$ cat structure-v1.cif   # mmCIF, N, CA and C atoms
data_query
#
loop_
_atom_site.group_PDB
_atom_site.id
_atom_site.type_symbol
_atom_site.label_atom_id
_atom_site.label_comp_id
_atom_site.auth_asym_id
_atom_site.auth_seq_id
_atom_site.Cartn_x
_atom_site.Cartn_y
_atom_site.Cartn_z
ATOM 1 N N MET A 123 13.979 3.231 4.252
ATOM 2 C CA MET A 123 12.807 3.430 3.420
ATOM 3 C C MET A 123 11.583 3.523 4.333
ATOM 4 N N ALA A 124 10.796 4.547 4.152
ATOM 5 C CA ALA A 124 9.582 4.744 4.943
ATOM 6 C C ALA A 124 8.383 4.160 4.202
ATOM 7 N N LEU A 125 7.652 3.297 4.860
ATOM 8 C CA LEU A 125 6.453 2.710 4.267
ATOM 9 C C LEU A 125 5.248 3.579 4.565
ATOM 10 N N LYS A 126 4.323 3.645 3.616
ATOM 11 C CA LYS A 126 3.050 4.331 3.793
ATOM 12 C C LYS A 126 1.942 3.322 3.557
ATOM 13 N N PHE A 127 0.881 3.426 4.316
ATOM 14 C CA PHE A 127 -0.255 2.519 4.209
ATOM 15 C C PHE A 127 -1.508 3.318 3.925
ATOM 16 N N TYR A 128 -2.293 2.864 2.959
ATOM 17 C CA TYR A 128 -3.519 3.538 2.544
ATOM 18 C C TYR A 128 -4.691 2.809 3.183
ATOM 19 N N ILE A 129 -5.370 3.469 4.113
ATOM 20 C CA ILE A 129 -6.484 2.865 4.843
ATOM 21 C C ILE A 129 -7.661 3.818 4.800
ATOM 22 N N ASP A 130 -8.769 3.351 4.242
ATOM 23 C CA ASP A 130 -10.012 4.127 4.186
ATOM 24 C C ASP A 130 -9.809 5.539 3.659
ATOM 25 N N GLY A 131 -9.048 5.671 2.584
ATOM 26 C CA GLY A 131 -8.906 6.952 1.922
ATOM 27 C C GLY A 131 -7.833 7.870 2.469
ATOM 28 N N GLU A 132 -7.021 7.386 3.416
ATOM 29 C CA GLU A 132 -5.953 8.215 3.973
ATOM 30 C C GLU A 132 -4.652 7.430 4.034
ATOM 31 N N TYR A 133 -3.525 8.147 3.939
ATOM 32 C CA TYR A 133 -2.210 7.526 4.053
ATOM 33 C C TYR A 133 -1.716 7.651 5.488
ATOM 34 N N TYR A 134 -1.091 6.568 5.989
ATOM 35 C CA TYR A 134 -0.549 6.546 7.341
ATOM 36 C C TYR A 134 0.883 6.033 7.283
ATOM 37 N N ASP A 135 1.742 6.533 8.189
ATOM 38 C CA ASP A 135 3.068 5.950 8.286
ATOM 39 C C ASP A 135 2.964 4.662 9.100
ATOM 40 N N GLU A 136 4.023 3.873 9.112
ATOM 41 C CA GLU A 136 3.948 2.553 9.727
ATOM 42 C C GLU A 136 3.674 2.589 11.232
ATOM 43 N N ASP A 137 4.009 3.656 11.899
ATOM 44 C CA ASP A 137 3.749 3.749 13.347
ATOM 45 C C ASP A 137 2.280 4.036 13.664
ATOM 46 N N ASN A 138 1.549 4.593 12.710
ATOM 47 C CA ASN A 138 0.164 4.990 12.972
ATOM 48 C C ASN A 138 -0.878 4.203 12.181
ATOM 49 N N ALA A 139 -0.462 3.235 11.403
ATOM 50 C CA ALA A 139 -1.401 2.437 10.608
ATOM 51 C C ALA A 139 -2.087 1.419 11.514
ATOM 52 N N ARG A 140 -3.404 1.455 11.548
ATOM 53 C CA ARG A 140 -4.181 0.537 12.385
ATOM 54 C C ARG A 140 -5.401 0.061 11.622
ATOM 55 N N VAL A 141 -5.741 -1.208 11.809
ATOM 56 C CA VAL A 141 -6.934 -1.783 11.212
ATOM 57 C C VAL A 141 -7.744 -2.410 12.336
ATOM 58 N N SER A 142 -9.024 -2.168 12.349
ATOM 59 C CA SER A 142 -9.907 -2.728 13.368
ATOM 60 C C SER A 142 -9.940 -4.249 13.270
ATOM 61 N N VAL A 143 -10.051 -4.921 14.393
ATOM 62 C CA VAL A 143 -10.196 -6.376 14.382
ATOM 63 C C VAL A 143 -11.536 -6.797 13.792
ATOM 64 N N PHE A 144 -12.454 -5.857 13.615
ATOM 65 C CA PHE A 144 -13.753 -6.132 13.013
ATOM 66 C C PHE A 144 -13.764 -5.826 11.511
ATOM 67 N N ASP A 145 -12.627 -5.455 10.954
ATOM 68 C CA ASP A 145 -12.515 -5.172 9.528
ATOM 69 C C ASP A 145 -12.826 -6.435 8.721
ATOM 70 N N TYR A 146 -13.604 -6.291 7.656
ATOM 71 C CA TYR A 146 -14.013 -7.432 6.828
ATOM 72 C C TYR A 146 -12.803 -8.230 6.329
ATOM 73 N N GLY A 147 -11.808 -7.534 5.861
ATOM 74 C CA GLY A 147 -10.619 -8.207 5.351
ATOM 75 C C GLY A 147 -9.886 -8.988 6.425
ATOM 76 N N TYR A 148 -9.837 -8.441 7.614
ATOM 77 C CA TYR A 148 -9.185 -9.136 8.736
ATOM 78 C C TYR A 148 -9.989 -10.366 9.142
ATOM 79 N N LEU A 149 -11.279 -10.216 9.257
ATOM 80 C CA LEU A 149 -12.138 -11.322 9.691
ATOM 81 C C LEU A 149 -12.195 -12.462 8.674
ATOM 82 N N ASN A 150 -12.129 -12.138 7.395
ATOM 83 C CA ASN A 150 -12.297 -13.142 6.348
ATOM 84 C C ASN A 150 -11.007 -13.479 5.599
ATOM 85 N N GLY A 151 -9.905 -12.916 6.023
ATOM 86 C CA GLY A 151 -8.637 -13.203 5.367
ATOM 87 C C GLY A 151 -8.528 -12.633 3.964
ATOM 88 N N ASP A 152 -9.321 -11.613 3.676
ATOM 89 C CA ASP A 152 -9.301 -10.946 2.382
ATOM 90 C C ASP A 152 -8.214 -9.885 2.371
ATOM 91 N N GLY A 153 -7.593 -9.673 1.244
ATOM 92 C CA GLY A 153 -6.623 -8.591 1.188
ATOM 93 C C GLY A 153 -5.991 -8.451 -0.183
ATOM 94 N N VAL A 154 -5.431 -7.284 -0.402
ATOM 95 C CA VAL A 154 -4.705 -6.981 -1.631
ATOM 96 C C VAL A 154 -3.462 -6.214 -1.218
ATOM 97 N N SER A 155 -2.352 -6.585 -1.793
ATOM 98 C CA SER A 155 -1.146 -5.795 -1.560
ATOM 99 C C SER A 155 -0.456 -5.593 -2.901
ATOM 100 N N GLU A 156 0.292 -4.543 -2.978
ATOM 101 C CA GLU A 156 0.973 -4.216 -4.219
ATOM 102 C C GLU A 156 2.283 -3.526 -3.880
ATOM 103 N N GLY A 157 3.274 -3.847 -4.633
ATOM 104 C CA GLY A 157 4.560 -3.182 -4.482
ATOM 105 C C GLY A 157 4.975 -2.584 -5.806
ATOM 106 N N ILE A 158 5.639 -1.470 -5.753
ATOM 107 C CA ILE A 158 6.120 -0.831 -6.979
ATOM 108 C C ILE A 158 7.468 -0.181 -6.663
ATOM 109 N N ARG A 159 8.403 -0.363 -7.560
ATOM 110 C CA ARG A 159 9.753 0.172 -7.353
ATOM 111 C C ARG A 159 9.835 1.630 -7.784
ATOM 112 N N ALA A 160 10.628 2.370 -7.039
ATOM 113 C CA ALA A 160 10.910 3.754 -7.412
ATOM 114 C C ALA A 160 12.399 4.005 -7.193
ATOM 115 N N TYR A 161 13.011 4.667 -8.151
ATOM 116 C CA TYR A 161 14.409 5.035 -8.062
ATOM 117 C C TYR A 161 14.530 6.535 -8.293
ATOM 118 N N HIS A 162 15.174 7.215 -7.381
ATOM 119 C CA HIS A 162 15.405 8.660 -7.500
ATOM 120 C C HIS A 162 14.088 9.411 -7.745
ATOM 121 N N ASN A 163 13.069 9.078 -6.972
ATOM 122 C CA ASN A 163 11.743 9.722 -7.028
ATOM 123 C C ASN A 163 10.991 9.490 -8.334
ATOM 124 N N SER A 164 11.357 8.447 -9.083
ATOM 125 C CA SER A 164 10.636 8.088 -10.303
ATOM 126 C C SER A 164 10.216 6.629 -10.216
ATOM 127 N N VAL A 165 8.967 6.361 -10.546
ATOM 128 C CA VAL A 165 8.464 4.992 -10.524
ATOM 129 C C VAL A 165 9.063 4.219 -11.689
ATOM 130 N N PHE A 166 9.607 3.042 -11.403
ATOM 131 C CA PHE A 166 10.253 2.195 -12.394
ATOM 132 C C PHE A 166 9.203 1.567 -13.301
ATOM 133 N N ARG A 167 9.278 1.824 -14.602
ATOM 134 C CA ARG A 167 8.389 1.265 -15.615
ATOM 135 C C ARG A 167 6.907 1.467 -15.252
ATOM 136 N N LEU A 168 6.556 2.679 -14.919
ATOM 137 C CA LEU A 168 5.187 3.004 -14.507
ATOM 138 C C LEU A 168 4.150 2.623 -15.573
ATOM 139 N N LYS A 169 4.412 2.967 -16.817
ATOM 140 C CA LYS A 169 3.454 2.693 -17.889
ATOM 141 C C LYS A 169 3.152 1.190 -17.984
ATOM 142 N N GLU A 170 4.212 0.359 -17.934
ATOM 143 C CA GLU A 170 4.024 -1.078 -18.002
ATOM 144 C C GLU A 170 3.273 -1.599 -16.773
ATOM 145 N N HIS A 171 3.617 -1.075 -15.611
ATOM 146 C CA HIS A 171 2.969 -1.496 -14.365
ATOM 147 C C HIS A 171 1.475 -1.206 -14.390
ATOM 148 N N VAL A 172 1.113 -0.010 -14.773
ATOM 149 C CA VAL A 172 -0.299 0.392 -14.818
ATOM 150 C C VAL A 172 -1.025 -0.432 -15.873
ATOM 151 N N GLY A 173 -0.348 -0.752 -16.971
ATOM 152 C CA GLY A 173 -0.957 -1.553 -18.021
ATOM 153 C C GLY A 173 -1.310 -2.972 -17.570
ATOM 154 N N ARG A 174 -0.543 -3.509 -16.632
ATOM 155 C CA ARG A 174 -0.831 -4.846 -16.117
ATOM 156 C C ARG A 174 -2.011 -4.799 -15.211
#
$ encode --input "structure-v1.cif" --output "structure tokens"
Amino acid sequence: MALKFYIDGEYYDEDNARVSVFDYGYLNGDGVSEGIRAYHNSVFRLKEHVGR
């Protein structure tokens, strides 16, 4: 499974994802992460997920 990371409006693969050590989230321990399942190129229970 290939991971993608969204940083400042762009998607990066795991080999090229970088965050500055001066990033607000890094300096202050702030962050948000989210996971969503997909099977056969379809997001699992997308409507329910977005509703939450």
$ select_by_dssp --input "structure-v1.cif" --residues "chain A" --states "alpha helix (DSSP H)" --output "number ranges by chain"
A: 146-150, 168-173
$ resolve_selection --input "structure-v1.cif" --expression "the PyMOL selection byres (((chain A and resi 158 and name CA) around 12) and name CA)" --output "PyMOL selection string"
chain A and resi 125+155-157+159-161+163-172
$ axis_aligned_box --input "structure-v1.cif" --around "region 162-166 of chain A" --padding-each-side "8 Å" --output "JSON"
{"center_x": 11.9, "center_y": 5.6, "center_z": -10.1, "size_x": 22.9, "size_y": 24.2, "size_z": 22.3}
$ select_by_dssp --input "structure-v1.cif" --residues "chain A" --states "strand (DSSP E or B)" --output "PyMOL selection string"
chain A and resi 126-129+132-135+160-161+164-165
$ atom_distance --input "structure-v1.cif" --atom1 "CA of Leu149 (chain A)" --atom2 "CA of Asp135 (chain A)"
23.1 Å
$ atom_distance --input "structure-v1.cif" --atom1 "atom N of Asp130 (chain A)" --atom2 "atom N of Gly147 (chain A)"
11.4 Å
$ atom_distance --input "structure-v1.cif" --atom1 "atom C of Ile129 (chain A)" --atom2 "CA of Val141 (chain A)"
8.5 Å
$ resolve_selection --input "structure-v1.cif" --expression "the PyMOL selection byres (((chain A and resi 124 and name CA) around 12) and name CA)" --output "list in words"
Met123, Leu125, Lys126, Phe127, Tyr134, Asp135, Glu136 and Asp137 of chain A
$ write_last_selection --input "structure-v1.cif" --atoms "N, CA and C atoms" --output "short mmCIF file (atom, residue, chain, number, x, y, z; two decimals), in the coordinates of the input"
data_model
loop_
_atom_site.label_atom_id
_atom_site.label_comp_id
_atom_site.auth_asym_id
_atom_site.auth_seq_id
_atom_site.Cartn_x
_atom_site.Cartn_y
_atom_site.Cartn_z
N MET A 123 13.98 3.23 4.25
CA MET A 123 12.81 3.43 3.42
C MET A 123 11.58 3.52 4.33
N LEU A 125 7.65 3.30 4.86
CA LEU A 125 6.45 2.71 4.27
C LEU A 125 5.25 3.58 4.57
N LYS A 126 4.32 3.64 3.62
CA LYS A 126 3.05 4.33 3.79
C LYS A 126 1.94 3.32 3.56
N PHE A 127 0.88 3.43 4.32
CA PHE A 127 -0.26 2.52 4.21
C PHE A 127 -1.51 3.32 3.92
N TYR A 134 -1.09 6.57 5.99
CA TYR A 134 -0.55 6.55 7.34
C TYR A 134 0.88 6.03 7.28
N ASP A 135 1.74 6.53 8.19
CA ASP A 135 3.07 5.95 8.29
C ASP A 135 2.96 4.66 9.10
N GLU A 136 4.02 3.87 9.11
CA GLU A 136 3.95 2.55 9.73
C GLU A 136 3.67 2.59 11.23
N ASP A 137 4.01 3.66 11.90
CA ASP A 137 3.75 3.75 13.35
C ASP A 137 2.28 4.04 13.66
#
$ build_atoms --input "structure-v1.cif" --residues "region 123-139 of chain A" --atoms "N, CA, C and O atoms" --output "PDB file, keeping the file's coordinate frame"
ATOM      1  N   MET A 123      13.979   3.231   4.252  1.00  0.00           N
ATOM      2  CA  MET A 123      12.807   3.430   3.420  1.00  0.00           C
ATOM      3  C   MET A 123      11.583   3.523   4.333  1.00  0.00           C
ATOM      4  O   MET A 123      11.354   2.700   5.195  1.00  0.00           O
ATOM      5  N   ALA A 124      10.796   4.547   4.152  1.00  0.00           N
ATOM      6  CA  ALA A 124       9.582   4.744   4.943  1.00  0.00           C
ATOM      7  C   ALA A 124       8.383   4.160   4.202  1.00  0.00           C
ATOM      8  O   ALA A 124       8.146   4.483   3.041  1.00  0.00           O
ATOM      9  N   LEU A 125       7.652   3.297   4.860  1.00  0.00           N
ATOM     10  CA  LEU A 125       6.453   2.710   4.267  1.00  0.00           C
ATOM     11  C   LEU A 125       5.248   3.579   4.565  1.00  0.00           C
ATOM     12  O   LEU A 125       5.144   4.167   5.635  1.00  0.00           O
ATOM     13  N   LYS A 126       4.323   3.645   3.616  1.00  0.00           N
ATOM     14  CA  LYS A 126       3.050   4.331   3.793  1.00  0.00           C
ATOM     15  C   LYS A 126       1.942   3.322   3.557  1.00  0.00           C
ATOM     16  O   LYS A 126       2.053   2.457   2.693  1.00  0.00           O
ATOM     17  N   PHE A 127       0.881   3.426   4.316  1.00  0.00           N
ATOM     18  CA  PHE A 127      -0.255   2.519   4.209  1.00  0.00           C
ATOM     19  C   PHE A 127      -1.508   3.318   3.925  1.00  0.00           C
ATOM     20  O   PHE A 127      -1.756   4.339   4.570  1.00  0.00           O
ATOM     21  N   TYR A 128      -2.293   2.864   2.959  1.00  0.00           N
ATOM     22  CA  TYR A 128      -3.519   3.538   2.544  1.00  0.00           C
ATOM     23  C   TYR A 128      -4.691   2.809   3.183  1.00  0.00           C
ATOM     24  O   TYR A 128      -4.965   1.657   2.863  1.00  0.00           O
ATOM     25  N   ILE A 129      -5.370   3.469   4.113  1.00  0.00           N
ATOM     26  CA  ILE A 129      -6.484   2.865   4.843  1.00  0.00           C
ATOM     27  C   ILE A 129      -7.661   3.818   4.800  1.00  0.00           C
ATOM     28  O   ILE A 129      -7.570   4.956   5.265  1.00  0.00           O
ATOM     29  N   ASP A 130      -8.769   3.351   4.242  1.00  0.00           N
ATOM     30  CA  ASP A 130     -10.012   4.127   4.186  1.00  0.00           C
ATOM     31  C   ASP A 130      -9.809   5.539   3.659  1.00  0.00           C
ATOM     32  O   ASP A 130     -10.312   6.517   4.221  1.00  0.00           O
ATOM     33  N   GLY A 131      -9.048   5.671   2.584  1.00  0.00           N
ATOM     34  CA  GLY A 131      -8.906   6.952   1.922  1.00  0.00           C
ATOM     35  C   GLY A 131      -7.833   7.870   2.469  1.00  0.00           C
ATOM     36  O   GLY A 131      -7.717   9.009   2.041  1.00  0.00           O
ATOM     37  N   GLU A 132      -7.021   7.386   3.416  1.00  0.00           N
ATOM     38  CA  GLU A 132      -5.953   8.215   3.973  1.00  0.00           C
ATOM     39  C   GLU A 132      -4.652   7.430   4.034  1.00  0.00           C
ATOM     40  O   GLU A 132      -4.660   6.209   4.173  1.00  0.00           O
ATOM     41  N   TYR A 133      -3.525   8.147   3.939  1.00  0.00           N
ATOM     42  CA  TYR A 133      -2.210   7.526   4.053  1.00  0.00           C
ATOM     43  C   TYR A 133      -1.716   7.651   5.488  1.00  0.00           C
ATOM     44  O   TYR A 133      -1.866   8.694   6.124  1.00  0.00           O
ATOM     45  N   TYR A 134      -1.091   6.568   5.989  1.00  0.00           N
ATOM     46  CA  TYR A 134      -0.549   6.546   7.341  1.00  0.00           C
ATOM     47  C   TYR A 134       0.883   6.033   7.283  1.00  0.00           C
ATOM     48  O   TYR A 134       1.200   5.171   6.473  1.00  0.00           O
ATOM     49  N   ASP A 135       1.742   6.533   8.189  1.00  0.00           N
ATOM     50  CA  ASP A 135       3.068   5.950   8.286  1.00  0.00           C
ATOM     51  C   ASP A 135       2.964   4.662   9.100  1.00  0.00           C
ATOM     52  O   ASP A 135       1.935   4.361   9.693  1.00  0.00           O
ATOM     53  N   GLU A 136       4.023   3.873   9.112  1.00  0.00           N
ATOM     54  CA  GLU A 136       3.948   2.553   9.727  1.00  0.00           C
ATOM     55  C   GLU A 136       3.674   2.589  11.232  1.00  0.00           C
ATOM     56  O   GLU A 136       3.110   1.633  11.772  1.00  0.00           O
ATOM     57  N   ASP A 137       4.009   3.656  11.899  1.00  0.00           N
ATOM     58  CA  ASP A 137       3.749   3.749  13.347  1.00  0.00           C
ATOM     59  C   ASP A 137       2.280   4.036  13.664  1.00  0.00           C
ATOM     60  O   ASP A 137       1.827   3.768  14.778  1.00  0.00           O
ATOM     61  N   ASN A 138       1.549   4.593  12.710  1.00  0.00           N
ATOM     62  CA  ASN A 138       0.164   4.990  12.972  1.00  0.00           C
ATOM     63  C   ASN A 138      -0.878   4.203  12.181  1.00  0.00           C
ATOM     64  O   ASN A 138      -2.067   4.475  12.303  1.00  0.00           O
ATOM     65  N   ALA A 139      -0.462   3.235  11.403  1.00  0.00           N
ATOM     66  CA  ALA A 139      -1.401   2.437  10.608  1.00  0.00           C
ATOM     67  C   ALA A 139      -2.087   1.419  11.514  1.00  0.00           C
ATOM     68  O   ALA A 139      -1.436   0.629  12.187  1.00  0.00           O
TER      69      ALA A 139
END
